[in-house]
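Data block for query-v3.txt (compact mmCIF, C-alpha atoms):
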# COMPACT_ATOMS: atom_id res chain seq x y z
CA MET E 9 -36.12 -18.85 -35.50
CA LEU E 10 -36.66 -15.32 -34.19
CA GLU E 11 -38.24 -16.69 -31.00
CA CYS E 12 -35.14 -18.81 -30.36
CA TRP E 13 -32.90 -15.77 -30.93
CA ASN E 14 -34.97 -13.64 -28.54
CA ALA E 15 -34.89 -16.39 -25.89
CA GLY E 16 -31.12 -16.49 -26.20
CA ILE E 17 -30.87 -12.73 -25.77
CA GLU E 18 -33.14 -12.87 -22.71
CA ARG E 19 -30.97 -15.56 -21.12
CA HIS E 20 -27.81 -13.54 -21.87
CA ASP E 21 -29.39 -10.44 -20.29
CA ARG E 22 -30.46 -12.48 -17.27
CA ALA E 23 -26.92 -13.83 -16.87
CA MET E 24 -25.54 -10.29 -16.91
CA ARG E 25 -28.10 -9.21 -14.31
CA ASP E 26 -27.07 -12.19 -12.13
CA CYS E 27 -23.59 -10.68 -12.10
CA ASP E 28 -24.98 -7.26 -11.40
CA VAL E 29 -25.78 -5.20 -8.35
CA ASP E 30 -25.68 -7.82 -5.59
CA ILE E 31 -22.47 -9.49 -6.70
CA LEU E 32 -20.77 -6.17 -7.43
CA ARG E 33 -21.64 -4.89 -3.97
CA ARG E 34 -20.58 -8.15 -2.34
CA THR E 35 -17.29 -8.47 -4.22
CA THR E 36 -16.35 -4.92 -3.22
CA ALA E 37 -17.23 -5.55 0.44
CA PHE E 38 -15.34 -8.85 0.30
CA ALA E 39 -12.21 -7.19 -1.10
CA VAL E 40 -12.35 -4.53 1.63
CA ARG E 41 -12.62 -7.24 4.31
CA VAL E 42 -9.62 -9.03 2.78
CA ILE E 43 -7.63 -5.77 2.82
CA HIS E 44 -8.33 -5.44 6.54
CA LEU E 45 -7.28 -9.06 7.09
CA VAL E 46 -4.04 -8.56 5.16
CA ASP E 47 -3.31 -5.42 7.17
CA ALA E 48 -3.68 -7.49 10.34
CA LEU E 49 -1.27 -10.23 9.23
CA PRO E 50 2.11 -10.45 10.98
CA ARG E 51 4.95 -8.68 9.16
CA ARG E 52 6.93 -11.89 8.49
CA THR E 53 8.15 -12.45 4.92
CA SER E 54 5.84 -15.43 4.38
CA CYS E 55 2.81 -13.50 5.62
CA VAL E 56 3.61 -10.52 3.44
CA GLU E 57 3.74 -12.76 0.35
CA LEU E 58 0.58 -14.68 1.31
CA GLY E 59 -1.18 -11.38 1.93
CA ARG E 60 -0.10 -10.01 -1.43
CA GLN E 61 -1.41 -13.09 -3.25
CA LEU E 62 -4.65 -13.09 -1.26
CA MET E 63 -5.31 -9.41 -1.88
CA ARG E 64 -4.67 -9.72 -5.62
CA SER E 65 -6.98 -12.68 -6.09
CA ALA E 66 -9.75 -11.31 -3.84
CA ALA E 67 -9.78 -7.89 -5.51
CA SER E 68 -9.67 -9.48 -8.95
CA ILE E 69 -13.01 -11.25 -8.42
CA GLY E 70 -14.91 -7.97 -8.47
CA ALA E 71 -12.78 -6.51 -11.25
CA HIS E 72 -13.65 -9.41 -13.56
CA CYS E 73 -17.34 -9.21 -12.65
CA ARG E 74 -17.29 -5.56 -13.66
CA GLU E 75 -15.61 -6.45 -16.93
CA ALA E 76 -18.23 -9.15 -17.52
CA ARG E 77 -21.00 -6.54 -17.28
CA ARG E 78 -19.47 -4.81 -20.29
CA ALA E 79 -19.19 -8.00 -22.34
CA ARG E 80 -20.15 -7.64 -25.99
CA SER E 81 -21.14 -11.27 -26.37
CA THR E 82 -22.14 -14.32 -24.37
CA ALA E 83 -18.75 -15.87 -25.06
CA GLU E 84 -16.94 -12.81 -23.70
CA PHE E 85 -19.24 -12.74 -20.67
CA ARG E 86 -18.58 -16.41 -19.94
CA SER E 87 -14.85 -15.88 -20.33
CA LYS E 88 -14.77 -13.02 -17.82
CA ILE E 89 -16.95 -14.93 -15.36
CA ALA E 90 -14.70 -17.98 -15.72
CA VAL E 91 -11.68 -15.86 -14.76
CA ALA E 92 -13.61 -14.47 -11.77
CA GLN E 93 -14.35 -18.06 -10.74
CA GLN E 94 -10.65 -18.92 -10.94
CA GLU E 95 -9.80 -15.92 -8.78
CA ALA E 96 -12.45 -16.95 -6.24
CA GLU E 97 -11.00 -20.47 -6.13
CA GLU E 98 -7.53 -19.02 -5.67
CA THR E 99 -8.79 -16.80 -2.86
CA VAL E 100 -10.30 -19.82 -1.10
CA TYR E 101 -6.90 -21.52 -1.40
CA TRP E 102 -4.95 -18.59 0.09
CA LEU E 103 -7.42 -18.25 2.97
CA GLN E 104 -7.10 -21.95 3.74
CA LEU E 105 -3.30 -21.77 3.53
CA ILE E 106 -3.28 -18.94 6.07
CA VAL E 107 -5.28 -21.13 8.45
CA ASP E 108 -3.22 -24.28 7.76
CA ALA E 109 0.02 -22.38 8.37
CA ASP E 110 -1.34 -21.27 11.79
CA ILE E 111 -1.06 -17.61 10.86
CA ILE E 112 -4.70 -16.90 11.76
CA THR E 113 -7.11 -19.23 13.52
CA ALA E 114 -10.00 -20.71 11.55
CA PRO E 115 -12.77 -19.03 13.59
CA ARG E 116 -11.35 -15.59 12.73
CA ILE E 117 -11.39 -16.29 9.01
CA VAL E 118 -14.48 -18.49 8.58
CA GLY E 119 -16.68 -15.55 7.52
CA LEU E 120 -14.33 -14.72 4.65
CA GLN E 121 -14.14 -18.36 3.63
CA ASP E 122 -17.94 -18.61 3.59
CA GLU E 123 -18.30 -15.42 1.56
CA ALA E 124 -15.69 -16.61 -0.96
CA ALA E 125 -17.61 -19.88 -1.37
CA GLN E 126 -20.89 -18.00 -1.83
CA LEU E 127 -19.37 -15.67 -4.42
CA LEU E 128 -18.00 -18.68 -6.28
CA ALA E 129 -21.46 -20.29 -6.27
CA MET E 130 -23.00 -17.08 -7.64
CA LEU E 131 -20.40 -16.92 -10.41
CA ILE E 132 -21.02 -20.54 -11.37
CA ALA E 133 -24.76 -19.83 -11.53
CA ALA E 134 -24.17 -16.77 -13.72
CA GLU E 135 -22.01 -18.78 -16.11
CA ARG E 136 -24.59 -21.57 -16.29
CA THR E 137 -27.32 -19.07 -17.06
CA ALA E 138 -25.16 -17.61 -19.84
CA SER E 139 -24.48 -21.12 -21.16
CA CYS E 140 -28.22 -21.57 -21.66
CA ALA E 141 -28.22 -18.49 -23.87
CA LYS E 142 -26.03 -20.29 -26.40
CA ARG E 143 -28.56 -23.10 -26.82

Starting from the file, give its structure as structure tokens.
Amino acid sequence: MLECWNAGIERHDRAMRDCDVDILRRTTAFAVRVIHLVDALPRRTSCVELGRQLMRSAASIGAHCREARRARSTAEFRSKIAVAQQEAEETVYWLQLIVDADIITAPRIVGLQDEAAQLLAMLIAAERTASCAKR
């Protein structure tokens, strides 16, 4: 019984580390890149609103990862990571909408789209690792 408990704790700790230094650094850099993109958007009403939504969701990814690091339980960790995943998905949507609306060309934004997809994959992996801790 104690071995099972210790294995669960190790998996929980590993999940928290997965959402640690690399993802925190990358989410901050990603948010800064999005800020620069939003600053470069045209000043039309639609672009201002799209930029606002994009900036909120992109910055929120890192904020929720930081909250997840302070989680008091696996359930709380998974909850925070799930919200970060939702924000990453939303960010992917806003980036694609900016391209589809011909506001910015796809080649100029592909790096941000790739990074958003990679961050999402990292968050999914962190949640899966935490899920193993419950077993």

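Compared by their closest atoms to Ser87 (chain E), and using all atoms listed in the file, the residues E:Ile132, E:Ala48, E:Val29, E:Ala67 rank with E:Ile132 nearest.
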
Exercise for the section: Might you pull out every residue within 12 Å of Ile43 (chain E), with all atoms listed in the file counted and same-chain residues fewer than 3 positions away left off, and present them as a ChimeraX atom specification? Expected result: /E:36-40,46-49,59-67,120

Handout entry: Using only C-alpha atoms: which of E:Ala134, E:Leu127, E:Ile111, E:Val118 has the shortest distance to Arg33 (chain E)
Key =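 The closest residue to Arg33 (chain E) is E:Leu127.
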
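Among the candidate residues E:Thr137, E:Ser68, E:Gln94, E:Ser54, the one lying nearest to Ala125 (chain E) is E:Gln94, with distances computed using only C-alpha atoms.
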
Size and centre in Å, one decimal, axis-aligned box, all listed region 65-70 of chain E atoms plus 6 Å per side, as AutoDock Vina command-line options:
--center_x -10.9 --center_y -10.3 --center_z -6.4 --size_x 19.9 --size_y 16.8 --size_z 17.1

Practice task
Would you mind listing what lies within 8 Å of Trp102 (chain E) as a PyMOL selection string, with only C-alpha atoms counted and same-chain residues fewer than 2 positions away left out?
Solution key: chain E and resi 58+61-62+98-100+104-106

Problem - Who sits within 9 Å of Glu135 (chain E), all atoms listed in the file, same chain under 6 positions skipped, as a list in words - result: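 That gives Ala23, Phe85, Arg86, Ser87, Ile89 and Ala90 of chain E.
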